[in-house]
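Since the structure comes first, as structure tokens, the remarks are kept for the end.
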Amino acid sequence: MIELEGLTKHFGAKVAVDHLSFTVRPGVVTGFLGPNGAGKSTTMRMMLDLDNPTSGTVRIDGRHYRDLAEPLKYIGALLEASKAMHGGRSAYNNLLCLAQSNRIPASRVREVLDLVGLTAVARKKSKGFSLGMNQRLGIASALLGDPEILMFDEPVNGLDPEGIHWIRNLMKQLAAEGRTIFVSSHLMSEMALTADHLIVIGQGKLLADTSMADFIQENSRSYVRMRSPQRERVLDVLRAEGLAAVEAGSGVLEIDGATAEQIGELAARHQITLHELSAQRASLEEAFMQMTAASVEYHAHAAGEHKVPAKAPPGAPGAPGAPDQPGQPGQPAVQWGRSYEERRRRRSSRKGA
Amino acid sequence: MASVPAVLQSEWTKVRTVSSTVWTLVSALVVTVAMSAGISALMKATFDELSELEQATFDPTFVSFSGMILGQLAMVVFGVLVVGTEYSSGMIRTSLAAVPQRATFLFSKMAVATALALAVGMVTSFLAFFAGQALLGEHRTTLGADNVLRAVIGGGLYMGLIALFSMGVATMLRSSILSLGILVPFFFLVSQILISVPKAKTVAQYFPDQAGSKIMQVVPDALGSDVAPYGPWGGLGIMCAWVAAALLGGYLVLKKRDA
């Protein structure tokens with residue numbers, strides 16, 4: 001169990017972490033989510049007592065990190081993996097010095113190397129390792145003391161699909177063994193696949209502390225997507241029915257508050273031609289963007305019209321973790337977080353009309 | 001609290017498993033002995049050309065340590081790299097996560113590396129002495145002569161302290177390149193130049209290397225060098241004060257700053 005209480009970190013005038021208080025509970029995977037620059041890594045470094053908090057405390061099983069005699073046996077951490085080991089030392093020796101400092105037997109070093117699949121390169125200097133191998137080495141170091149608490153900072157960054165799959169399963173397996181797993185990411189889709197509990201921060205502030213199920217429940221909006229050559233008629237008919245439609249570009253309308261069946265029957269009654277009609281659910285990525293929109297630190301400013309964030313593909317409505325699609329050709333790049341806000345504003349102004 | 005023997009063992013593994021340890025320490029030994037031997041042979045050949053004062057204060061022991069001016073630089077590199085690579089590789093975060101007690105971590109690391117530097121320094125000092133005496137011919141001295149053993153052991157101590165001082169500076173600066181960029185020119189140029197400038201030498205003789213190297217002289221103010229206001233042990237004491245200041249500075253930086 002990790003408890004944060006009023007954790008705050010200032011870098012000069014900039015507030016990186018702002019009075020964060022939350023608890024990471026055992027036996028579940030807790031996702032730590034926030035856009036780039038939200039303060040995730042700083043928070044994690046403070047949890048390991050690498051950075052000194054400006055104020056507030058972190059307790060690991062009720063104790064300060066600095067008071068842990070052999071911390072690797074309590075808490076294992078994967079920080080930026082490529083920058084955590086001495087490249088001139090072999091993988092085995094890098095782990096051996098860590099093990100020895102915490103009185104962990106050398107046999108455990110071979111065990112964890114085997115566990116992460118690095119036995120074949122154990123004697124090789126780690127500077128020749130690929131990103132994926134370095135990540136595995138970092139995970140091996142986290143597992144060294146067989147700790148009850150594991151922290152992973154962006155573990156899937158830069159990994160190939162096979163590596164991502166491996167890490168996901170590893171985290172789930174570790175949580176199933178009753179361990180406390182705390183994992184950070186800036187990808188909602190990744191979290192949806194691994195985390196049971198969710199902590200969202202933006203600009204160092206706590207935005208949400210909720211179970212994944214609740215988050216999905218609350219944040220997956222369903223709507224109907226339709227396309228018709230008789231746009232004006234459609235809008236009139238919908239207005240007459242008291243339904244709000246939002247134009248989403250390329251002649252696409254998005255309608256809240258009605259099922260696809262109802263819209264289809266409505267169109268049939270008014271003899272309107274439809275080119276497309278489908279039920280949609282907003283992806284969690286979108287919900288996350290909406291939540292953090294106000295706190296995104298670095299906005300991309302694309303010229304022209306804003307593209308609506310990608311939806312879950314129709315085949316898998318609402319599937320958590322549907323990959324967010326990159327900007328389609330000919331359309332401006334997604335303006336992160338803002339497009340959602342914009343659309344919401346348009347929708348509410350339409351409702352008012 | 002962390003187990004000190006365990007941390008010492010871990011630091012020993014760190015020191016022995018990087019290649020820089022071997023090449024810096026071997027360089028320190030080879031360069032010092034070779035250059036000392038060369039200068040001793042040269043001194044023997046040109047003894048008659050020395051001034052009267054230099055002949056009167058001829059110190060065969062000190063002459064056989066002439067190579068340390070260059071050899072100490074390898075010790076500086078060793079000391080800097082022991083600490084500096086923790087920062088340049090990012091290993092420092094992993095290390096501190098494993099041993100969060102800053103004092104235990106830092107002083108264990110320094111104890112292990114200094115013990116190694118001291119051992120190599122002692123071997124270097126004795127080898128340089130014997131090589132030098134063998135080449136000085138009739139001007140030679142022996143280990144049994146007054147104060148000679150003190151000077152030879154002092155030479156080993158000097159090398160260990162130079163390495164330790166460098167570790168302290170590297171911990172303060174948290175960078176190998178910055179530390180080397182300051183220490184190497186300082187010991188090789190600044191200190192050597194200032195000690196031969198009339199006014200500046202009154203300050204320069206309190207520099208760690210100038211003060212510390214007095215321990216290697218058997219004849220006071222050997223070879224016509226300037227009269228120092230302190231003796232051999234006083235000089236070593238001044239050097240120790242510098243080392244203590246560097247260690248304290250390094251510890252405070254490690255304790256206060258974010259890793």
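Convention: chains lettered A, B, ... in structure tokens order; per-chain residue numbering from 1; ligands numbered from 1 as shown.
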
Show me a table, sorted first by chain and then by increasing residue number, of the residues of chain A having an atom at most 7 Å from chain B, each with its shortest atom pair and the distance in Å to one decimal, counting only C-alpha atoms and written as CSV.
residue,atom,partner,partner_atom,distance
A:Leu48,CA,B:Ala97,CA,6.1
A:Leu50,CA,B:Ala259,CA,5.2
A:Asp51,CA,B:Asp258,CA,4.3
A:Asn52,CA,B:Asp258,CA,6.1
A:Arg66,CA,B:Pro100,CA,5.2
A:Asp67,CA,B:Met1,CA,6.6
A:Leu68,CA,B:Met1,CA,6.7
A:Ala69,CA,B:Met1,CA,4.2
A:Glu70,CA,B:Ala2,CA,6.0
A:Pro71,CA,B:Ala98,CA,5.9
A:Leu72,CA,B:Ala98,CA,5.8
A:Lys83,CA,B:Gly90,CA,4.7
A:Ala84,CA,B:Met91,CA,4.5
A:Met85,CA,B:Met91,CA,4.6
A:His86,CA,B:Ser89,CA,5.2
A:Gly87,CA,B:Ser89,CA,6.9
A:Gly88,CA,B:Val18,CA,6.0
A:Arg89,CA,B:Val18,CA,5.8
A:Asn93,CA,B:Thr17,CA,6.9
A:Cys97,CA,B:Ser10,CA,4.5
A:Leu98,CA,B:Ala98,CA,6.5
A:Gln100,CA,B:Ser10,CA,5.0
A:Ser101,CA,B:Val7,CA,4.4
A:Asn102,CA,B:Ala6,CA,6.7
A:Arg103,CA,B:Ala6,CA,6.1

Exercise. Got a sec: who's within 10 Å of A:Val121, counting only C-alpha atoms, leaving out chain neighbours fewer than 5 positions off, as JSON, numbers by chain?
Worked result: {"A": [90, 91, 92, 113, 126, 129, 133]}

For this session: Find the distance between atom CA of B:Val253 and atom CA of B:Thr171 and write it in Å to one decimal.
Result: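 Atom CA of B:Val253 sits 7.3 Å away from atom CA of B:Thr171.
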
For this session: Quick one: pull the distance between atom CA of A:Glu162 and atom CA of A:Ser189, Å, one decimal.
Result: 16.5 Å

Seminar exercise, completed: If you count only C-alpha atoms, the residue of B:Gly79, B:Leu189, B:Ala134, B:Gly155 closest to B:Lys109 turns out to be B:Gly79
